[in-house]
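Undergrad: Can you read through this structure? Questions will come right after.
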Amino acid sequence: MDGDAIAAVEHVFRQEKGRVLAGLMRRFGDLGLAEDVLQEACRKALEWWPRTGIPDHPAAWLSAVARNAGLDHVRRAGRSVSDAEAALSGLPAAVMEETQPIEDDRLRLLFICCHPALAPEAQVALALRTLCGLSTVEIACAFGVAEAALSQRVLRAKRKIAEAGIRFELPARQDWPQRLAQVQHVIYLVFSEGYCASGGDSLLRADLCAEALRLARLLDGLLPDQPEVQGLLALLLLQASRGPARLSPEGQLLTLEEQDRRLWHGELIAEGLGVLQQALAARAPGPYQLQAAIAALHAKAPTACRTDWRQVHLLYGVLLRHKPEPLVLLNAVIACAMAFGTEHGLAWLARLEALPGLANSHYLHAARADLLRRQGDRAGALAAYAQAASLAANAVERQYLLRRHGEMRLPLV
């Protein structure tokens, strides 16, 4: 089989799966059918493209072939094509008019995946897997669970949908708020995976960052003047602004301290700060606004050493009331160390090792290594860098830790 055709299908499936699948689900209202016909289209692509050449718009080709396969399935089920086209969404015309403001297929279907009949963790896993194109491994890392457990979670969600007869119907507008938190969570996780990939050879996945930012903008347009929606958008804008400076020309990871801030995207920073200011004016701070406020302090600092770490530490303290999660606590400890001294941070890190979510996290050991380096404990830093590198799944992060380890081994001058 032609290697170019295989690579093209894999690329389209990876990059465009969410968009194509979302369109198919909107048309047929059936997750199982949408996935089956998309797989069939991919099989045909592998059969035809080596002979006919790769089409100019491969995603559109896959979408058309899958759609035709779906309509064939409808015919075999005894329904006319006109009836199928009229009921593609499974909704009466009046409901379609009511929910029409959700124009984008993927954003519409994020709301659909976050059906209240499904467990919250299943909603997010299903949305990430089916609509956003993340692999089971990537989602498992995002959730901090085993890959097998995550697979079972997705399978149970699909089984629940089939057994309960849950249709992929757009919720009425009054039902949007109860699904909003999960929709935001999915967008945030997609961006996080793109900003710092959980595994593989690349640190950044620009496609995921761009998709998450696009969805966040759409969500803000759909629900204007919602402080937490604005907070999410501001957070992604401010984080994305650092993208050009996060890797060296050789592809090495650069920390905030090492980055050339002249490479930060000024327009994204200005937009993010403006959106954040609008959100905070409502005086209803939530976790996304607080994280955006922390990102804003970094964005406004002219140099790393002039970061207002005391204010960062204060904001993390407030954030912990909303998100008492291990990684948030770890970042709070790092902020404490930067604001009040490394000895404070190291004392807290010793306590964090008892937390299940951090005991085997390379982030914890990397934080310890950095604090020990700043404190001048060369032997301790070497051991911590080595342990962190052994736990890092992403190759770029692992190389960064090994580089730091190598620098610590150099003779002092």
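Going by the structure tokens order, chains are called A, B, ..., each with residues numbered from 1, while ligands are numbered from 1 in the order shown.
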I'd like the neighbourhood of Glu397 of chain A as a PyMOL selection string, where a residue qualifies if any of its atoms comes within 12 Å (using only C-alpha atoms), though same-chain residues fewer than 3 positions away should be ignored.
TA: chain A and resi 196-204+246-247+251-255+362-363+366+385+388-394+400-404
Undergrad: Got a sec: who's within 10 Å of Gln182 of chain A, counting only C-alpha atoms, leaving out chain neighbours fewer than 5 positions off, as a PDB file with N, CA and C atoms, in the first residue's frame?
TA:
ATOM      1  N   LEU A 110     -20.310  19.294  21.329  1.00  0.00           N
ATOM      2  CA  LEU A 110     -19.764  19.278  22.691  1.00  0.00           C
ATOM      3  C   LEU A 110     -20.912  19.377  23.695  1.00  0.00           C
ATOM      4  N   PHE A 111     -21.865  20.259  23.419  1.00  0.00           N
ATOM      5  CA  PHE A 111     -23.036  20.358  24.283  1.00  0.00           C
ATOM      6  C   PHE A 111     -23.812  19.040  24.295  1.00  0.00           C
ATOM      7  N   CYS A 113     -22.605  15.926  23.715  1.00  0.00           N
ATOM      8  CA  CYS A 113     -21.866  14.884  24.438  1.00  0.00           C
ATOM      9  C   CYS A 113     -21.994  15.063  25.953  1.00  0.00           C
ATOM     10  N   CYS A 114     -22.155  16.281  26.383  1.00  0.00           N
ATOM     11  CA  CYS A 114     -22.259  16.547  27.818  1.00  0.00           C
ATOM     12  C   CYS A 114     -23.705  16.361  28.279  1.00  0.00           C
ATOM     13  N   HIS A 115     -24.282  15.222  27.933  1.00  0.00           N
ATOM     14  CA  HIS A 115     -25.667  14.907  28.288  1.00  0.00           C
ATOM     15  C   HIS A 115     -25.740  14.567  29.779  1.00  0.00           C
ATOM     16  N   PRO A 120     -20.351  12.644  34.688  1.00  0.00           N
ATOM     17  CA  PRO A 120     -19.527  13.782  34.235  1.00  0.00           C
ATOM     18  C   PRO A 120     -18.205  13.372  33.614  1.00  0.00           C
ATOM     19  N   GLU A 121     -17.487  12.417  34.233  1.00  0.00           N
ATOM     20  CA  GLU A 121     -16.198  12.012  33.667  1.00  0.00           C
ATOM     21  C   GLU A 121     -16.374  11.322  32.323  1.00  0.00           C
ATOM     22  N   GLN A 123     -18.828  12.052  30.157  1.00  0.00           N
ATOM     23  CA  GLN A 123     -19.143  13.112  29.198  1.00  0.00           C
ATOM     24  C   GLN A 123     -17.866  13.693  28.607  1.00  0.00           C
ATOM     25  N   VAL A 124     -16.930  14.035  29.484  1.00  0.00           N
ATOM     26  CA  VAL A 124     -15.701  14.675  29.031  1.00  0.00           C
ATOM     27  C   VAL A 124     -14.864  13.696  28.208  1.00  0.00           C
ATOM     28  N   ALA A 127     -16.419  13.218  24.749  1.00  0.00           N
ATOM     29  CA  ALA A 127     -16.240  14.386  23.895  1.00  0.00           C
ATOM     30  C   ALA A 127     -14.807  14.486  23.391  1.00  0.00           C
ATOM     31  N   PRO A 177     -26.871  26.132  30.380  1.00  0.00           N
ATOM     32  CA  PRO A 177     -26.034  26.388  31.562  1.00  0.00           C
ATOM     33  C   PRO A 177     -25.618  25.136  32.325  1.00  0.00           C
ATOM     34  N   ILE A 187     -12.854  21.984  26.469  1.00  0.00           N
ATOM     35  CA  ILE A 187     -12.050  22.950  25.712  1.00  0.00           C
ATOM     36  C   ILE A 187     -10.712  23.183  26.411  1.00  0.00           C
ATOM     37  N   TYR A 188     -10.760  23.299  27.731  1.00  0.00           N
ATOM     38  CA  TYR A 188      -9.529  23.513  28.503  1.00  0.00           C
ATOM     39  C   TYR A 188      -8.572  22.331  28.368  1.00  0.00           C
TER      40      TYR A 188
END
Undergrad: Select, from A:Ala59, A:Ala337, A:Ala284, A:Val275, the residue with the minimum atom-to-atom distance to Arg310 of chain A, counting only C-alpha atoms.
TA: A:Ala337
Undergrad: Distance atom CA of Gly243 of chain A-atom CA of Trp264 of chain A, one decimal place?
TA: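 Atom CA of Gly243 of chain A sits 7.1 Å away from atom CA of Trp264 of chain A.
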Undergrad: Which residues, written as a count of residues only, have at least one atom at most 7 Å from Leu128 of chain A, with only C-alpha atoms counted and residues fewer than 5 positions away on the same chain left out?
TA: 3
Undergrad: Using only C-alpha atoms, which of the listed residues (A:Leu276, A:Val328, A:Ala369, A:Ala34) sits closest to Gln226 of chain A?
TA: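 Comparing A:Leu276, A:Val328, A:Ala369, A:Ala34 against Gln226 of chain A, the winner is A:Leu276.
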Undergrad: State, in Å with one decimal place, the distance from atom CA of Glu40 of chain A to atom CA of Ala69 of chain A.
TA: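 Interatomic distance, atom CA of Glu40 of chain A to atom CA of Ala69 of chain A: 7.8 Å.
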Undergrad: His405 of chain A: which residues within 8 Å, counting only C-alpha atoms, same-chain residues fewer than 5 positions away excluded, as a list in words?
TA: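 Neighbouring residues, sequence-local ones excluded: Ala381, Leu382, Tyr385 and Ala386 of chain A.
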Undergrad: Using only C-alpha atoms, determine which residues lie at most 9 Å from Gly317 of chain A, disregarding the query and same-chain residues fewer than 5 positions distant; provide the list as a ChimeraX atom specification.
TA: /A:312,329,332
Undergrad: With distances taken over only C-alpha atoms, which residue among A:Lys323, A:His185, A:Arg26, A:Arg67 lies nearest Arg167 of chain A?
TA: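 Nearest to Arg167 of chain A: A:Arg26.
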Undergrad: Work out how far atom CA of Arg368 of chain A is from atom CA of Ala383 of chain A, in Å to one decimal.
TA: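 Going from atom CA of Ala383 of chain A over to atom CA of Arg368 of chain A, I get 9.8 Å.
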Undergrad: Go through A:Asn331, A:Gln174, A:Gln184, A:Ser241 and flag the residue nearest Leu358 of chain A, using only C-alpha atoms for the distances.
TA: A:Asn331
Undergrad: Mind the document's chain letters and residue numbers, and return as a PyMOL selection string the residues of segment 65-282 of chain A that DSSP labels helix (DSSP H, G or I).
TA: chain A and resi 65-76+81-86+93-99+105-113+120-130+136-143+147-164+173-195+206-222+227-240+243-245+261-263+266-280
Undergrad: For Arg374 of chain A, which residue among A:Thr342, A:Thr136, A:Gln152, A:Gln311 is the nearest when counting only C-alpha atoms?
TA: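 Going through A:Thr342, A:Thr136, A:Gln152, A:Gln311 one by one, the smallest distance to Arg374 of chain A is for A:Thr342.
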Undergrad: Compile the contact shell of Ala142 of chain A as number ranges by chain: residues with an atom at most 10 Å away, counting only C-alpha atoms, same-chain residues fewer than 4 positions apart removed.
TA: A: 125, 136-138, 189-190, 192-193, 197-198
Undergrad: Between A:Ala146, A:Asp104, A:Gly357, A:Gly231, single out the one closest to Pro324 of chain A, counting only C-alpha atoms.
TA: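 The shortest atom-to-atom distance to Pro324 of chain A comes from A:Gly357.
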Undergrad: Excluding Ala296 of chain A and residues on its chain fewer than 3 positions from it, collect all residues at most 10 Å away from it, counting only C-alpha atoms, and give them as a list in words.
TA: Ala234, Leu235, Leu238, Gln239, Ile269, Ala270, Gly272, Leu273, Leu276, Leu290, Gln291, Ala292, Ala293, Ala299, Lys300, Ala301 and Val312 of chain A
Undergrad: Only C-alpha atoms, please: the residues just picked out, written as an mmCIF file, in the first residue's frame.
TA:
data_model
loop_
_atom_site.group_PDB
_atom_site.id
_atom_site.type_symbol
_atom_site.label_atom_id
_atom_site.label_comp_id
_atom_site.auth_asym_id
_atom_site.auth_seq_id
_atom_site.Cartn_x
_atom_site.Cartn_y
_atom_site.Cartn_z
ATOM 1 C CA ALA A 234 -8.628 35.043 28.429
ATOM 2 C CA LEU A 235 -6.641 32.155 29.910
ATOM 3 C CA LEU A 238 -2.592 34.530 27.454
ATOM 4 C CA GLN A 239 -1.185 31.014 27.449
ATOM 5 C CA ILE A 269 -1.717 39.330 25.329
ATOM 6 C CA ALA A 270 -3.606 42.582 24.753
ATOM 7 C CA GLY A 272 -6.461 38.350 26.734
ATOM 8 C CA LEU A 273 -5.971 41.187 29.211
ATOM 9 C CA LEU A 276 -10.049 39.300 31.537
ATOM 10 C CA LEU A 290 -8.258 33.153 38.570
ATOM 11 C CA GLN A 291 -5.987 31.122 36.293
ATOM 12 C CA ALA A 292 -6.211 33.874 33.696
ATOM 13 C CA ALA A 293 -5.288 36.441 36.357
ATOM 14 C CA ALA A 299 2.333 38.337 30.803
ATOM 15 C CA LYS A 300 2.763 41.803 32.328
ATOM 16 C CA ALA A 301 6.132 41.083 33.991
ATOM 17 C CA VAL A 312 0.668 34.845 42.171
#
